[in-house]
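As stored in final_10.pdb (PDB, C-alpha atoms):
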```
MODEL        1
ATOM      1  CA  SER G   1      93.472 109.783 107.637
ATOM      2  CA  ALA G   2      94.724 111.148 104.331
ATOM      3  CA  VAL G   3      95.370 109.496 101.006
ATOM      4  CA  ILE G   4      98.132 111.092  98.979
ATOM      5  CA  SER G   5      99.030 110.506  95.361
ATOM      6  CA  GLN G   6     102.155 111.680  93.554
ATOM      7  CA  LYS G   7     103.056 112.026  89.903
ATOM      8  CA  PRO G   8     105.294 110.876  88.367
ATOM      9  CA  SER G   9     106.098 107.769  90.366
ATOM     10  CA  ARG G  10     109.567 107.659  88.847
ATOM     11  CA  ASP G  11     111.635 109.407  86.213
ATOM     12  CA  ILE G  12     115.065 109.392  84.664
ATOM     13  CA  CYS G  13     116.304 112.851  83.724
ATOM     14  CA  GLN G  14     119.346 114.443  82.137
ATOM     15  CA  ARG G  15     121.497 116.819  84.142
ATOM     16  CA  GLY G  16     120.619 120.474  83.703
ATOM     17  CA  THR G  17     116.917 119.808  83.180
ATOM     18  CA  SER G  18     114.017 120.350  85.605
ATOM     19  CA  LEU G  19     111.275 118.057  86.862
ATOM     20  CA  THR G  20     107.988 119.030  88.479
ATOM     21  CA  ILE G  21     106.437 116.605  90.950
ATOM     22  CA  GLN G  22     102.731 116.813  91.703
ATOM     23  CA  CYS G  23     101.076 115.943  94.999
ATOM     24  CA  GLN G  24      97.316 115.485  95.418
ATOM     25  CA  VAL G  25      95.577 114.884  98.764
ATOM     26  CA  ASP G  26      92.054 113.524  99.196
ATOM     27  CA  SER G  27      91.151 116.113 101.846
ATOM     28  CA  GLN G  28      91.872 119.756 102.565
ATOM     29  CA  VAL G  29      94.984 120.283 104.663
ATOM     30  CA  THR G  30      96.673 123.414 105.911
ATOM     31  CA  MET G  31     100.282 122.332 105.685
ATOM     32  CA  MET G  32     101.997 120.128 103.129
ATOM     33  CA  PHE G  33     105.578 119.027 103.446
ATOM     34  CA  TRP G  34     108.170 117.993 100.892
ATOM     35  CA  TYR G  35     110.909 115.573 101.905
ATOM     36  CA  ARG G  36     113.902 114.065 100.198
ATOM     37  CA  GLN G  37     115.283 110.656 101.006
ATOM     38  CA  GLN G  38     118.605 109.768  99.454
ATOM     39  CA  PRO G  39     119.553 106.096  99.102
ATOM     40  CA  GLY G  40     120.100 104.484 102.481
ATOM     41  CA  GLN G  41     119.391 107.713 104.325
ATOM     42  CA  SER G  42     116.586 108.987 106.519
ATOM     43  CA  LEU G  43     114.053 111.651 105.648
ATOM     44  CA  THR G  44     115.225 115.213 105.069
ATOM     45  CA  LEU G  45     112.642 117.985 105.116
ATOM     46  CA  ILE G  46     112.979 120.321 102.151
ATOM     47  CA  ALA G  47     110.177 122.782 102.827
ATOM     48  CA  THR G  48     106.741 123.388 104.298
ATOM     49  CA  ALA G  49     104.061 124.667 101.930
ATOM     50  CA  ASN G  50     101.049 126.595 103.219
ATOM     51  CA  GLN G  51      98.245 127.597 100.902
ATOM     52  CA  GLY G  52      98.350 131.270 100.027
ATOM     53  CA  SER G  53     101.840 131.981 101.282
ATOM     54  CA  GLU G  54     105.455 131.389 100.329
ATOM     55  CA  ALA G  55     106.927 128.035 101.241
ATOM     56  CA  THR G  56     109.288 127.873 104.199
ATOM     57  CA  TYR G  57     112.593 126.215 103.320
ATOM     58  CA  GLU G  58     114.867 124.287 105.635
ATOM     59  CA  SER G  59     118.551 125.078 105.958
ATOM     60  CA  GLY G  60     120.415 123.983 102.862
ATOM     61  CA  PHE G  61     117.439 124.225 100.520
ATOM     62  CA  VAL G  62     116.612 127.315  98.446
ATOM     63  CA  ILE G  63     113.641 128.419  96.406
ATOM     64  CA  ASP G  64     115.627 128.798  93.186
ATOM     65  CA  LYS G  65     116.553 125.125  93.289
ATOM     66  CA  PHE G  66     113.278 123.762  94.680
ATOM     67  CA  PRO G  67     110.401 126.105  93.776
ATOM     68  CA  ILE G  68     107.092 125.047  95.299
ATOM     69  CA  SER G  69     103.545 125.944  94.409
ATOM     70  CA  ARG G  70     100.499 125.519  96.657
ATOM     71  CA  PRO G  71      97.489 126.766  94.669
ATOM     72  CA  ASN G  72      94.834 125.204  96.920
ATOM     73  CA  LEU G  73      94.312 123.099 100.024
ATOM     74  CA  THR G  74      94.594 119.728  98.274
ATOM     75  CA  PHE G  75      97.444 120.200  95.787
ATOM     76  CA  SER G  76     101.098 121.160  95.649
ATOM     77  CA  THR G  77     104.021 120.891  93.255
ATOM     78  CA  LEU G  78     107.753 120.683  93.856
ATOM     79  CA  THR G  79     110.163 121.444  91.019
ATOM     80  CA  VAL G  80     113.713 120.172  91.095
ATOM     81  CA  SER G  81     115.604 122.660  88.931
ATOM     82  CA  ASN G  82     118.867 122.430  87.027
ATOM     83  CA  MET G  83     119.316 118.857  88.158
ATOM     84  CA  SER G  84     122.607 117.136  88.859
ATOM     85  CA  PRO G  85     123.286 113.472  89.739
ATOM     86  CA  GLU G  86     123.353 114.509  93.418
ATOM     87  CA  ASP G  87     119.605 115.191  93.142
ATOM     88  CA  SER G  88     118.935 111.495  92.541
ATOM     89  CA  SER G  89     116.632 110.615  95.393
ATOM     90  CA  ILE G  90     113.107 109.760  96.434
ATOM     91  CA  TYR G  91     110.957 112.859  96.840
ATOM     92  CA  LEU G  92     108.024 112.536  99.220
ATOM     93  CA  CYS G  93     104.957 114.644  99.783
ATOM     94  CA  SER G  94     103.478 114.573 103.279
ATOM     95  CA  VAL G  95     100.564 116.068 105.184
ATOM     96  CA  THR G  96      99.437 116.151 108.779
ATOM     97  CA  ALA G  97      95.915 114.889 109.401
ATOM     98  CA  GLY G  98      96.273 113.860 113.019
ATOM     99  CA  PRO G  99      99.513 111.952 112.470
ATOM    100  CA  GLN G 100     101.671 112.622 109.438
ATOM    101  CA  TYR G 101     100.936 110.741 106.218
ATOM    102  CA  PHE G 102     103.187 110.253 103.226
ATOM    103  CA  GLY G 103     102.666 109.830  99.544
ATOM    104  CA  PRO G 104     104.161 106.874  97.655
ATOM    105  CA  GLY G 105     107.156 108.935  96.576
ATOM    106  CA  THR G 106     108.752 109.955  93.288
ATOM    107  CA  ARG G 107     111.959 108.128  92.445
ATOM    108  CA  LEU G 108     114.275 110.399  90.512
ATOM    109  CA  LEU G 109     117.463 109.350  88.765
ATOM    110  CA  VAL G 110     119.595 112.070  87.211
ATOM    111  CA  LEU G 111     122.162 111.009  84.659
TER     112      LEU G 111
ATOM    113  CA  GLN F   1     122.350 115.576 120.428
ATOM    114  CA  LYS F   2     119.395 114.661 118.243
ATOM    115  CA  GLU F   3     115.879 115.113 119.600
ATOM    116  CA  VAL F   4     115.024 111.543 118.596
ATOM    117  CA  GLU F   5     117.476 108.656 118.737
ATOM    118  CA  GLN F   6     116.575 105.305 117.218
ATOM    119  CA  ASP F   7     118.407 102.011 117.695
ATOM    120  CA  PRO F   8     120.338 101.885 114.425
ATOM    121  CA  GLY F   9     120.275  98.199 113.610
ATOM    122  CA  PRO F  10     120.300  96.473 111.226
ATOM    123  CA  LEU F  11     118.323  93.736 112.895
ATOM    124  CA  SER F  12     118.070  90.182 111.567
ATOM    125  CA  VAL F  13     115.749  87.651 113.188
ATOM    126  CA  PRO F  14     114.300  84.236 112.309
ATOM    127  CA  GLU F  15     110.685  83.954 111.291
ATOM    128  CA  GLY F  16     108.391  83.743 114.312
ATOM    129  CA  ALA F  17     110.658  85.762 116.609
ATOM    130  CA  ILE F  18     109.489  88.675 118.729
ATOM    131  CA  VAL F  19     111.059  91.928 117.548
ATOM    132  CA  SER F  20     111.604  94.999 119.691
ATOM    133  CA  LEU F  21     112.316  98.342 118.032
ATOM    134  CA  ASN F  22     113.167 101.305 120.238
ATOM    135  CA  CYS F  23     113.528 105.069 120.269
ATOM    136  CA  THR F  24     114.436 107.612 122.909
ATOM    137  CA  TYR F  25     113.727 111.318 122.821
ATOM    138  CA  SER F  26     114.703 114.425 124.691
ATOM    139  CA  ASN F  27     111.778 116.831 124.150
ATOM    140  CA  SER F  28     109.201 116.386 126.927
ATOM    141  CA  ALA F  29     106.676 118.383 124.868
ATOM    142  CA  PHE F  30     106.165 115.487 122.467
ATOM    143  CA  GLN F  31     102.655 114.092 122.874
ATOM    144  CA  TYR F  32     102.067 112.130 119.666
ATOM    145  CA  PHE F  33     104.107 109.054 118.844
ATOM    146  CA  MET F  34     104.133 107.224 115.530
ATOM    147  CA  TRP F  35     105.730 104.219 113.939
ATOM    148  CA  TYR F  36     106.133 103.948 110.180
ATOM    149  CA  ARG F  37     107.080 101.000 108.027
ATOM    150  CA  GLN F  38     108.973 101.691 104.824
ATOM    151  CA  TYR F  39     109.589  99.077 102.190
ATOM    152  CA  SER F  40     112.480  99.590  99.808
ATOM    153  CA  ARG F  41     111.885 102.426  97.328
ATOM    154  CA  LYS F  42     108.438 103.215  98.764
ATOM    155  CA  GLY F  43     107.054 106.013 100.913
ATOM    156  CA  PRO F  44     106.692 105.500 104.692
ATOM    157  CA  GLU F  45     103.416 103.876 105.720
ATOM    158  CA  LEU F  46     101.837 104.795 109.064
ATOM    159  CA  LEU F  47     101.748 101.667 111.192
ATOM    160  CA  MET F  48     100.838 102.789 114.707
ATOM    161  CA  TYR F  49      99.809 106.086 116.261
ATOM    162  CA  THR F  50      99.527 106.752 119.979
ATOM    163  CA  TYR F  51      98.846 109.775 122.110
ATOM    164  CA  SER F  52     100.656 110.257 125.431
ATOM    165  CA  SER F  53     101.707 107.240 127.492
ATOM    166  CA  GLY F  54     100.521 103.663 127.438
ATOM    167  CA  ASN F  55     100.209 100.726 125.101
ATOM    168  CA  LYS F  56      98.326 100.242 121.869
ATOM    169  CA  GLU F  57      97.871  96.920 120.166
ATOM    170  CA  ASP F  58      96.959  96.163 116.556
ATOM    171  CA  GLY F  59      97.201  92.555 115.548
ATOM    172  CA  ARG F  60     100.802  91.422 115.875
ATOM    173  CA  PHE F  61     102.009  94.958 116.593
ATOM    174  CA  THR F  62     102.164  96.679 119.996
ATOM    175  CA  ALA F  63     103.314 100.254 120.483
ATOM    176  CA  GLN F  64     104.459 101.262 123.939
ATOM    177  CA  VAL F  65     105.151 104.774 125.218
ATOM    178  CA  ASP F  66     106.890 105.547 128.508
ATOM    179  CA  LYS F  67     106.910 109.317 128.860
ATOM    180  CA  SER F  68     108.646 109.230 132.231
ATOM    181  CA  SER F  69     111.645 107.560 130.613
ATOM    182  CA  LYS F  70     111.172 109.302 127.228
ATOM    183  CA  TYR F  71     111.247 105.921 125.560
ATOM    184  CA  ILE F  72     109.012 104.310 122.967
ATOM    185  CA  SER F  73     108.970 100.803 121.583
ATOM    186  CA  LEU F  74     107.337  98.811 118.831
ATOM    187  CA  PHE F  75     106.951  95.079 119.374
ATOM    188  CA  ILE F  76     106.245  92.690 116.528
ATOM    189  CA  ARG F  77     105.033  89.234 117.517
ATOM    190  CA  ASP F  78     105.353  86.159 115.317
ATOM    191  CA  SER F  79     107.467  88.105 112.841
ATOM    192  CA  GLN F  80     107.062  87.256 109.167
ATOM    193  CA  PRO F  81     109.373  87.712 106.164
ATOM    194  CA  SER F  82     106.867  90.314 104.927
ATOM    195  CA  ASP F  83     107.770  92.420 107.984
ATOM    196  CA  SER F  84     111.234  92.950 106.494
ATOM    197  CA  ALA F  85     111.440  96.716 106.062
ATOM    198  CA  THR F  86     112.843  99.866 107.623
ATOM    199  CA  TYR F  87     110.899 101.083 110.658
ATOM    200  CA  LEU F  88     110.862 104.766 111.539
ATOM    201  CA  CYS F  89     109.739 106.232 114.842
ATOM    202  CA  ALA F  90     108.357 109.760 114.872
ATOM    203  CA  MET F  91     106.920 112.141 117.408
ATOM    204  CA  SER F  92     105.353 115.562 117.492
ATOM    205  CA  ARG F  93     104.128 118.332 119.739
ATOM    206  CA  PRO F  94     100.465 119.373 119.713
ATOM    207  CA  ASN F  95      99.721 121.692 116.759
ATOM    208  CA  ALA F  96     103.320 121.455 115.549
ATOM    209  CA  GLY F  97     102.380 120.178 112.109
ATOM    210  CA  LYS F  98     105.472 118.235 111.198
ATOM    211  CA  SER F  99     106.992 115.393 113.177
ATOM    212  CA  THR F 100     110.541 114.657 114.250
ATOM    213  CA  PHE F 101     111.793 111.363 112.845
ATOM    214  CA  GLY F 102     114.330 108.794 113.940
ATOM    215  CA  ASP F 103     116.858 107.597 111.394
ATOM    216  CA  GLY F 104     115.193 104.195 111.038
ATOM    217  CA  THR F 105     115.979 100.577 111.883
ATOM    218  CA  THR F 106     116.211  98.043 109.080
ATOM    219  CA  LEU F 107     114.674  94.695 109.972
ATOM    220  CA  THR F 108     115.168  91.441 108.094
ATOM    221  CA  VAL F 109     113.048  88.432 109.004
ATOM    222  CA  LYS F 110     114.562  85.239 107.627
ATOM    223  CA  PRO F 111     112.313  82.304 106.671
TER     224      PRO F 111
ENDMDL
END
```
Write the structure described by the file as structure tokens, please.
Amino acid sequence: SAVISQKPSRDICQRGTSLTIQCQVDSQVTMMFWYRQQPGQSLTLIATANQGSEATYESGFVIDKFPISRPNLTFSTLTVSNMSPEDSSIYLCSVTAGPQYFGPGTRLLVL
Amino acid sequence: QKEVEQDPGPLSVPEGAIVSLNCTYSNSAFQYFMWYRQYSRKGPELLMYTYSSGNKEDGRFTAQVDKSSKYISLFIRDSQPSDSATYLCAMSRPNAGKSTFGDGTTLTVKP
């Protein structure tokens, strides 16, 4: 299993600003995933982050908007840049350790 | 057509009822099958995890996989109001890393 923590758990931000979300895992994992879940919607994969290489982004998501760092095998950050109200969502960090595990999420509200 | 289709719901049942949640899939390469429970504004929590076909039981929860029909189910016996949540099915191929998720079924158990 894997235990994942995220910081911050929630935030309210002004449009045009940026927020960096941290994800910490209690064991070393090769791949970490970042998801977005908008209100009432299912999970949408933003990108896959491998240690030591550039993140792989899904269609509709770009590095300039969602830069990701993966400095080691237990940690990753996702930055939501130049935010707009449409970025209001829950952002989830996830890893595969057998099955896939999720962090508690970061609830973001952009005003 | 989506790779994973989940009965959309919402589902509302009285306390004590037996609940059946279902997903179908099209990719015969899927070998790992998961069910997640997600409470409002929280990250998905892994509930059940099975490999290949068969049944797996954990307390009031039974996960069933029928690979010949490409159909998986989650049964909840003696449902409780605390079971009220959105349930997500997910499945993955060996060594794929990330899973493919259903859109979720929202369950309400009324006292």
Report summary line: Among G:Asn72, G:Thr106, G:Ser89, G:Ser9, Gln38 (chain G) is approached most closely, using all atoms listed in the file, by G:Ser89
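The spacing separating CA of Val19 (chain F) from CA of Leu107 (chain F) amounts to 8.8 Å.
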Query raised in the report: Which distance in Å separates CA of Leu21 (chain F) and CA of Gln38 (chain F), to one decimal?
Result: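 Between these atoms lies a distance of 14.0 Å.
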Query raised in the report: Applied to this file, what does the ChimeraX specification (/F :<12) & /G return in terms of residues, put as a VMD selection string?
Result: chain G and resid 1 to 6 9 to 10 29 to 50 89 to 108
Query raised in the report: Distance CA of Arg37 (chain F)-CA of Leu74 (chain F), one decimal place?
Result: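 Calculated distance between CA of Arg37 (chain F) and CA of Leu74 (chain F) is 11.0 Å.
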Query raised in the report: For the file shown, what are the residues hit by the PyMOL selection byres ((chain F and resi 72) around 10), laid out as a list in words?
Result: Gln6, Leu21, Asn22, Cys23, Thr24, Tyr25, Phe33, Met34, Trp35, Ser53, Gly54, Asn55, Ala63, Gln64, Val65, Asp66, Lys67, Ser69, Lys70, Tyr71, Ser73, Leu74, Cys89, Ala90 and Met91 of chain F
**Report entry** Matched chain/residue IDs from the PyMOL selection byres ((chain G and resi 20) around 9), as a ChimeraX atom specification
**Finding:** /G:7-8,18-19,21-22,77-81
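With only C-alpha atoms as the atoms that count, the minimum distance from Pro111 (chain F) to the choices F:Tyr87, F:Phe61, F:Asn27, F:Ser82 is reached by F:Ser82.
Between Gln1 (chain F) and the residues F:Ser26, F:Gln31, F:Thr108, F:Ser20, the shortest atom-to-atom distance, using only C-alpha atoms, involves F:Ser26.
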Requested in this report: Find the residue from F:Lys56, F:Thr62, F:Asp7, F:Val109 that sits nearest to Arg77 (chain F); use all atoms listed in the file when measuring.
Outcome: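 For Arg77 (chain F), the nearest of the candidates is F:Thr62.
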Query - Selected residue of minimal separation from Ser12 (chain F) among F:Arg93, F:Ala85, F:Gly59, F:Phe30, counting all atoms listed in the file - result: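 So, comparing all the options, the nearest one is F:Ala85.
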Which centre and edge lengths in Å to one decimal define the box along x, y and z that fits every listed atom of region 70-89 of chain G plus 5 Å per side, as AutoDock Vina command-line options?
```
--center_x 108.8 --center_y 118.7 --center_z 93.5 --size_x 39.0 --size_y 26.2 --size_z 23.0
```
